[in-house]
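Trainee: Next up, entry-v4.pdb (PDB, C-alpha atoms).
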ATOM      1  CA  PRO A 288      67.717 -22.722 -26.813
ATOM      2  CA  ASP A 289      69.766 -19.707 -27.907
ATOM      3  CA  VAL A 290      69.732 -20.904 -31.512
ATOM      4  CA  GLY A 291      66.499 -22.366 -32.741
ATOM      5  CA  GLY A 292      64.130 -22.711 -35.637
ATOM      6  CA  LEU A 293      63.029 -19.073 -35.590
ATOM      7  CA  ALA A 294      66.541 -18.101 -36.660
ATOM      8  CA  LEU A 295      65.524 -19.340 -40.095
ATOM      9  CA  LEU A 296      62.954 -16.578 -40.274
ATOM     10  CA  GLY A 297      65.590 -13.940 -39.564
ATOM     11  CA  VAL A 298      64.521 -13.509 -35.929
ATOM     12  CA  ARG A 299      67.443 -12.684 -33.652
ATOM     13  CA  ARG A 300      67.662 -14.890 -30.556
ATOM     14  CA  GLY A 301      70.471 -14.519 -28.070
ATOM     15  CA  GLY A 302      72.638 -12.676 -30.587
ATOM     16  CA  HIS A 303      72.653 -15.640 -33.003
ATOM     17  CA  ARG A 304      71.128 -16.247 -36.411
ATOM     18  CA  GLY A 305      70.403 -19.375 -38.387
ATOM     19  CA  ARG A 306      73.417 -18.920 -40.681
ATOM     20  CA  ASP A 307      75.696 -19.563 -37.688
ATOM     21  CA  GLN A 308      74.593 -23.186 -37.898
ATOM     22  CA  ASP A 309      75.560 -23.647 -41.549
ATOM     23  CA  ALA A 310      77.345 -26.965 -42.032
ATOM     24  CA  ALA A 311      77.294 -27.569 -38.269
ATOM     25  CA  ASP A 312      77.967 -31.018 -36.865
ATOM     26  CA  GLY A 313      75.071 -33.434 -37.091
ATOM     27  CA  SER A 314      73.712 -32.389 -40.484
ATOM     28  CA  ARG A 315      73.288 -35.120 -43.054
ATOM     29  CA  SER A 316      73.951 -35.320 -46.734
ATOM     30  CA  GLY A 317      73.326 -37.944 -49.375
ATOM     31  CA  ASP A 318      69.772 -38.952 -50.240
ATOM     32  CA  LEU A 319      67.722 -35.817 -49.698
ATOM     33  CA  GLY A 320      64.306 -37.316 -50.417
ATOM     34  CA  ARG A 321      62.436 -39.540 -48.024
ATOM     35  CA  ASP A 322      64.425 -42.683 -47.531
ATOM     36  CA  GLY A 323      63.155 -46.053 -46.397
ATOM     37  CA  GLY A 324      60.359 -46.037 -48.965
ATOM     38  CA  HIS A 325      59.256 -42.532 -48.088
ATOM     39  CA  GLU A 326      57.637 -39.899 -50.192
ATOM     40  CA  ARG A 327      59.363 -38.454 -53.239
ATOM     41  CA  GLY A 328      57.987 -36.251 -55.976
ATOM     42  CA  GLY A 329      58.718 -33.893 -58.848
ATOM     43  CA  GLU A 330      58.643 -30.882 -56.556
ATOM     44  CA  GLN A 331      61.891 -32.070 -54.958
ATOM     45  CA  GLY A 332      63.861 -30.901 -57.963
ATOM     46  CA  ARG A 333      61.818 -27.732 -58.187
ATOM     47  CA  GLN A 334      62.551 -26.875 -54.568
ATOM     48  CA  GLY A 335      66.207 -27.680 -55.014
ATOM     49  CA  ARG A 336      66.501 -25.182 -57.857
ATOM     50  CA  ARG A 337      64.825 -22.419 -55.890
ATOM     51  CA  GLN A 338      66.271 -22.839 -52.448
ATOM     52  CA  PRO A 339      67.112 -19.358 -51.081
ATOM     53  CA  GLY A 340      70.115 -18.217 -49.122
ATOM     54  CA  ALA A 341      70.599 -17.973 -45.372
ATOM     55  CA  ASP A 342      68.214 -16.199 -42.985
ATOM     56  CA  MET A 343      65.159 -17.317 -44.906
ATOM     57  CA  VAL A 344      63.003 -20.362 -45.385
ATOM     58  CA  ALA A 345      61.664 -20.812 -48.879
ATOM     59  CA  TYR A 346      58.348 -22.608 -48.668
ATOM     60  CA  TYR A 347      55.178 -22.365 -46.641
ATOM     61  CA  THR A 348      55.690 -25.960 -45.566
ATOM     62  CA  HIS A 349      59.142 -25.051 -44.218
ATOM     63  CA  VAL A 350      57.730 -22.041 -42.370
ATOM     64  CA  ALA A 351      54.961 -24.148 -40.850
ATOM     65  CA  ASP A 352      57.454 -26.726 -39.584
ATOM     66  CA  VAL A 353      59.716 -24.074 -38.050
ATOM     67  CA  VAL A 354      56.865 -22.353 -36.215
ATOM     68  CA  ASP A 355      55.136 -25.566 -35.131
ATOM     69  CA  TYR A 356      58.198 -27.029 -33.401
ATOM     70  CA  GLU A 357      58.981 -23.725 -31.731
ATOM     71  CA  LEU A 358      55.451 -23.227 -30.405
ATOM     72  CA  VAL A 359      55.236 -26.739 -28.978
ATOM     73  CA  TYR A 360      58.649 -26.332 -27.348
ATOM     74  CA  ARG A 361      57.912 -22.912 -25.830
ATOM     75  CA  TYR A 362      54.322 -23.390 -24.714
ATOM     76  CA  GLY A 363      53.585 -27.120 -24.801
ATOM     77  CA  GLY A 364      50.386 -28.752 -25.982
ATOM     78  CA  TRP A 365      49.144 -30.298 -29.210
ATOM     79  CA  TYR A 366      49.886 -29.365 -32.801
ATOM     80  CA  PHE A 367      47.789 -30.709 -35.690
ATOM     81  CA  ASN A 368      48.098 -30.160 -39.423
ATOM     82  CA  THR A 369      45.061 -28.398 -40.852
ATOM     83  CA  ALA A 370      44.847 -31.367 -43.256
ATOM     84  CA  LEU A 371      43.719 -33.597 -40.377
ATOM     85  CA  LYS A 372      39.992 -34.343 -40.391
ATOM     86  CA  PRO A 373      38.678 -35.160 -36.876
ATOM     87  CA  ILE A 374      36.840 -38.465 -36.535
ATOM     88  CA  LYS A 375      36.258 -38.590 -32.779
ATOM     89  CA  PRO A 376      37.073 -36.424 -29.721
ATOM     90  CA  LEU A 377      40.724 -36.246 -28.718
ATOM     91  CA  ALA A 378      39.671 -36.645 -25.087
ATOM     92  CA  GLY A 379      39.393 -40.389 -25.582
ATOM     93  CA  LEU A 380      43.038 -40.771 -26.639
ATOM     94  CA  MET A 381      45.275 -42.262 -23.946
ATOM     95  CA  TYR A 382      48.811 -40.841 -23.675
ATOM     96  CA  ASN A 383      51.367 -39.702 -21.121
ATOM     97  CA  LYS A 384      51.116 -35.924 -20.781
ATOM     98  CA  HIS A 385      54.673 -35.772 -19.425
ATOM     99  CA  GLN A 386      56.220 -37.165 -22.625
ATOM    100  CA  ALA A 387      56.652 -35.924 -26.178
ATOM    101  CA  ALA A 388      54.372 -37.721 -28.632
ATOM    102  CA  PHE A 389      54.299 -38.051 -32.414
ATOM    103  CA  ALA A 390      51.959 -39.546 -34.982
ATOM    104  CA  MET A 391      53.396 -42.440 -36.969
ATOM    105  CA  GLU A 392      53.154 -42.291 -40.742
ATOM    106  CA  ASP A 393      53.751 -46.026 -41.069
ATOM    107  CA  ASP A 394      55.352 -48.687 -38.879
ATOM    108  CA  VAL A 395      58.734 -46.926 -38.827
ATOM    109  CA  HIS A 396      58.557 -43.143 -39.279
ATOM    110  CA  ALA A 397      57.364 -40.527 -36.781
ATOM    111  CA  VAL A 398      56.014 -37.363 -38.385
ATOM    112  CA  ASN A 399      54.788 -33.896 -37.441
ATOM    113  CA  MET A 400      51.201 -34.069 -38.717
ATOM    114  CA  ALA A 401      50.124 -34.547 -35.086
ATOM    115  CA  MET A 402      52.459 -34.055 -32.142
ATOM    116  CA  TYR A 403      52.374 -33.169 -28.470
ATOM    117  CA  ALA A 404      54.799 -32.220 -25.714
ATOM    118  CA  PRO A 405      54.793 -30.544 -22.323
ATOM    119  CA  ARG A 406      56.455 -27.150 -22.203
ATOM    120  CA  SER A 407      60.257 -27.099 -22.637
ATOM    121  CA  ASN A 408      60.384 -30.789 -23.486
ATOM    122  CA  LEU A 409      63.930 -32.074 -24.134
ATOM    123  CA  VAL A 410      62.991 -33.827 -27.378
ATOM    124  CA  PHE A 411      61.540 -30.652 -28.866
ATOM    125  CA  GLU A 412      64.478 -28.647 -27.556
ATOM    126  CA  LYS A 413      66.759 -30.893 -29.593
ATOM    127  CA  ILE A 414      64.528 -30.605 -32.665
ATOM    128  CA  VAL A 415      64.577 -26.804 -32.445
ATOM    129  CA  GLU A 416      68.369 -26.789 -32.039
ATOM    130  CA  THR A 417      68.989 -29.293 -34.836
ATOM    131  CA  LEU A 418      66.661 -27.809 -37.465
ATOM    132  CA  PRO A 419      68.938 -24.916 -38.559
ATOM    133  CA  GLN A 420      71.904 -27.284 -38.819
ATOM    134  CA  ARG A 421      70.046 -29.518 -41.253
ATOM    135  CA  TYR A 422      68.428 -26.696 -43.232
ATOM    136  CA  PHE A 423      71.586 -24.694 -43.857
ATOM    137  CA  GLY A 424      73.823 -27.745 -44.020
ATOM    138  CA  MET A 425      71.728 -29.395 -46.763
ATOM    139  CA  PRO A 426      71.091 -26.673 -49.388
ATOM    140  CA  GLY A 427      68.472 -27.648 -51.925
ATOM    141  CA  ALA A 428      67.160 -30.591 -49.902
ATOM    142  CA  TYR A 429      63.480 -31.469 -49.893
ATOM    143  CA  MET A 430      61.581 -30.422 -46.764
ATOM    144  CA  ASN A 431      61.343 -33.994 -45.463
ATOM    145  CA  ALA A 432      65.122 -34.054 -45.041
ATOM    146  CA  THR A 433      65.521 -30.618 -43.489
ATOM    147  CA  THR A 434      62.420 -29.836 -41.408
ATOM    148  CA  GLY A 435      60.244 -32.931 -41.653
ATOM    149  CA  VAL A 436      60.345 -36.659 -41.018
ATOM    150  CA  GLN A 437      64.110 -37.120 -41.319
ATOM    151  CA  LEU A 438      64.732 -34.324 -38.810
ATOM    152  CA  ILE A 439      62.424 -35.993 -36.282
ATOM    153  CA  MET A 440      63.887 -39.440 -36.887
ATOM    154  CA  SER A 441      67.465 -38.175 -36.523
ATOM    155  CA  VAL A 442      66.594 -36.683 -33.119
ATOM    156  CA  LEU A 443      64.710 -39.773 -31.944
ATOM    157  CA  GLU A 444      67.592 -41.994 -33.049
ATOM    158  CA  HIS A 445      69.796 -40.447 -30.346
ATOM    159  CA  ASN A 446      67.032 -39.653 -27.860
ATOM    160  CA  THR A 447      67.310 -41.047 -24.320
ATOM    161  CA  VAL A 448      64.021 -39.829 -22.792
ATOM    162  CA  PRO A 449      60.629 -41.584 -23.122
ATOM    163  CA  VAL A 450      58.552 -40.715 -26.198
ATOM    164  CA  THR A 451      55.047 -41.809 -27.199
ATOM    165  CA  LEU A 452      54.589 -42.940 -30.807
ATOM    166  CA  PHE A 453      50.962 -43.203 -31.891
ATOM    167  CA  HIS A 454      50.152 -46.133 -34.173
ATOM    168  CA  ARG A 455      49.505 -45.056 -37.748
ATOM    169  CA  ASP A 456      45.820 -45.985 -37.472
ATOM    170  CA  ILE A 457      45.252 -43.197 -34.941
ATOM    171  CA  PHE A 458      46.101 -40.194 -37.147
ATOM    172  CA  ASN A 459      47.159 -41.655 -40.476
ATOM    173  CA  PRO A 460      44.926 -44.547 -41.561
ATOM    174  CA  ILE A 461      45.362 -43.470 -45.204
ATOM    175  CA  HIS A 462      48.988 -43.695 -46.355
ATOM    176  CA  TRP A 463      50.333 -41.226 -48.924
ATOM    177  CA  SER A 464      51.316 -44.083 -51.246
ATOM    178  CA  GLN A 465      47.640 -44.959 -51.785
ATOM    179  CA  PHE A 466      47.115 -42.069 -54.193
ATOM    180  CA  GLY A 467      49.169 -39.919 -56.568
ATOM    181  CA  TYR A 468      50.075 -36.234 -56.672
ATOM    182  CA  GLY A 469      47.063 -34.119 -57.545
ATOM    183  CA  GLU A 470      44.662 -36.911 -56.582
ATOM    184  CA  VAL A 471      42.243 -36.574 -53.667
ATOM    185  CA  PRO A 472      42.033 -39.614 -51.370
ATOM    186  CA  ASP A 473      38.632 -41.129 -50.650
ATOM    187  CA  ILE A 474      38.190 -40.442 -46.943
ATOM    188  CA  ASP A 475      34.604 -41.679 -46.765
ATOM    189  CA  ARG A 476      35.422 -45.194 -45.603
ATOM    190  CA  ASP A 477      35.406 -47.359 -42.513
ATOM    191  CA  TYR A 478      38.339 -46.742 -40.179
ATOM    192  CA  PRO A 479      39.851 -48.753 -37.324
ATOM    193  CA  ALA A 480      38.189 -48.221 -33.956
ATOM    194  CA  SER A 481      41.346 -46.455 -32.719
ATOM    195  CA  THR A 482      41.275 -43.734 -35.420
ATOM    196  CA  VAL A 483      40.971 -40.220 -33.983
ATOM    197  CA  ALA A 484      41.644 -38.194 -37.159
ATOM    198  CA  VAL A 485      42.451 -38.719 -40.837
ATOM    199  CA  HIS A 486      45.326 -36.989 -42.588
ATOM    200  CA  GLU A 487      44.050 -35.825 -45.980
ATOM    201  CA  TRP A 488      47.547 -35.071 -47.398
ATOM    202  CA  LEU A 489      46.523 -31.694 -48.858
ATOM    203  CA  HIS A 490      50.117 -30.861 -49.796
ATOM    204  CA  ARG A 491      49.936 -33.795 -52.236
ATOM    205  CA  THR A 492      46.441 -33.128 -53.548
ATOM    206  CA  ASN A 493      46.828 -29.450 -54.437
ATOM    207  CA  GLN A 494      50.489 -28.561 -53.793
ATOM    208  CA  ARG A 495      49.538 -25.481 -51.751
ATOM    209  CA  GLY A 496      52.534 -25.832 -49.505
ATOM    210  CA  GLN A 497      55.061 -25.888 -52.326
ATOM    211  CA  ARG A 498      54.774 -22.225 -53.323
ATOM    212  CA  VAL A 499      57.827 -20.069 -52.705
ATOM    213  CA  LEU A 500      57.325 -17.239 -50.243
ATOM    214  CA  GLY A 501      56.593 -14.057 -52.164
ATOM    215  CA  ASP A 502      55.045 -15.840 -55.179
TER     216      ASP A 502
END
So that I can check it, write out the structure of this file as structure tokens.
Mentor:
Amino acid sequence: PDVGGLALLGVRRGGHRGRDQDAADGSRSGDLGRDGGHERGGEQGRQGRRQPGADMVAYYTHVADVVDYELVYRYGGWYFNTALKPIKPLAGLMYNKHQAAFAMEDDVHAVNMAMYAPRSNLVFEKIVETLPQRYFGMPGAYMNATTGVQLIMSVLEHNTVPVTLFHRDIFNPIHWSQFGYGEVPDIDRDYPASTVAVHEWLHRTNQRGQRVLGD
């Protein structure tokens, strides 16, 4: 796409920049945390107070999301969060290599902790195109609303091509609600036979991803 996630990093693409998408159609307002019982935390207010202006993303978690979507769209293949601990080889996982695929955080929400797509997949094309609209159209919003779960869900809501959604047991057998901010989940436990990796939720346990760029 001519306008994509890398515009947020100030990279010129096709003569456009991310600020051109400010307040574009399709951006959402209202509840800027995770809705539907999703994650909220004290850093939401902190991020809202420190959100920067156009042509920049503020947080390492934002930057990671922007780059991850773009890489999967351009080159295809798998992306995994570094907070995923492998349990068994990925080779045993059954999926359609011609479709986009996302890990499920629970029974409802697809997330970007583990995702796959063939090169130039239409679902990821839409994610890359929509991301700047949400980021610049929702100033001060928490990352889940702008570059995370709500971005993915908004695209899937209007998607018309097949997508694979991996059951939460495969990549996310430990839910974030099972422990508090700053706590480390106990990952030494028995997992379902289908579990391939365990998400350790490092952004909740040590808040590394919440630092502002340049701090």
Trainee: Any idea what's packed within 8 Å of Val485 in chain A, counting all atoms listed in the file, ignoring anything in its chain fewer than 4 positions away? Could you give it as a list in words?
Mentor: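 Listing them by chain and then by number gives Leu371, Lys372, Pro373, Ile374, Ile457, Phe458, Asn459, Pro460, Ile461 and Ile474 of chain A.
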Trainee: Work out how far apart CA of Gly363 in chain A and CA of Met400 in chain A are and give it in Å to one decimal.
Mentor: 15.7 Å
Trainee: For the structure provided, state which residues fall under the PyMOL selection byres ((chain A and resi 480) around 12), and present them as a list in words.
Mentor: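 On the file shown, the PyMOL selection byres ((chain A and resi 480) around 12) covers Ile374, Lys375, Gly379, Leu380, Asp456, Ile457, Phe458, Pro460, Asp477, Tyr478, Pro479, Ser481, Thr482, Val483 and Ala484 of chain A.
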Trainee: Run the PyMOL selection byres ((chain A and resi 366) around 9) on the file and write out the hits as an NGL selection string.
Mentor: :A and (355-356 or 358-359 or 364-365 or 367-368 or 399-403)
Trainee: Can you spit out the residues from that selection as a short mmCIF file (atom, residue, chain, number, x, y, z; two decimals), keeping the file's coordinate frame, using C-alpha atoms?
Mentor:
data_model
loop_
_atom_site.label_atom_id
_atom_site.label_comp_id
_atom_site.auth_asym_id
_atom_site.auth_seq_id
_atom_site.Cartn_x
_atom_site.Cartn_y
_atom_site.Cartn_z
CA ASP A 355 55.14 -25.57 -35.13
CA TYR A 356 58.20 -27.03 -33.40
CA LEU A 358 55.45 -23.23 -30.40
CA VAL A 359 55.24 -26.74 -28.98
CA GLY A 364 50.39 -28.75 -25.98
CA TRP A 365 49.14 -30.30 -29.21
CA PHE A 367 47.79 -30.71 -35.69
CA ASN A 368 48.10 -30.16 -39.42
CA ASN A 399 54.79 -33.90 -37.44
CA MET A 400 51.20 -34.07 -38.72
CA ALA A 401 50.12 -34.55 -35.09
CA MET A 402 52.46 -34.06 -32.14
CA TYR A 403 52.37 -33.17 -28.47
#
Trainee: So the first atom is CA of Asp473 in chain A and the second is CA of Val398 in chain A; what is the distance between them in Å, to one decimal place?
Mentor: 21.6 Å
Trainee: Quick one: distance from CA of Gln386 in chain A to CA of Arg406 in chain A in Å, one decimal?
Mentor: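 Between CA of Gln386 in chain A and CA of Arg406 in chain A the gap is 10.0 Å.
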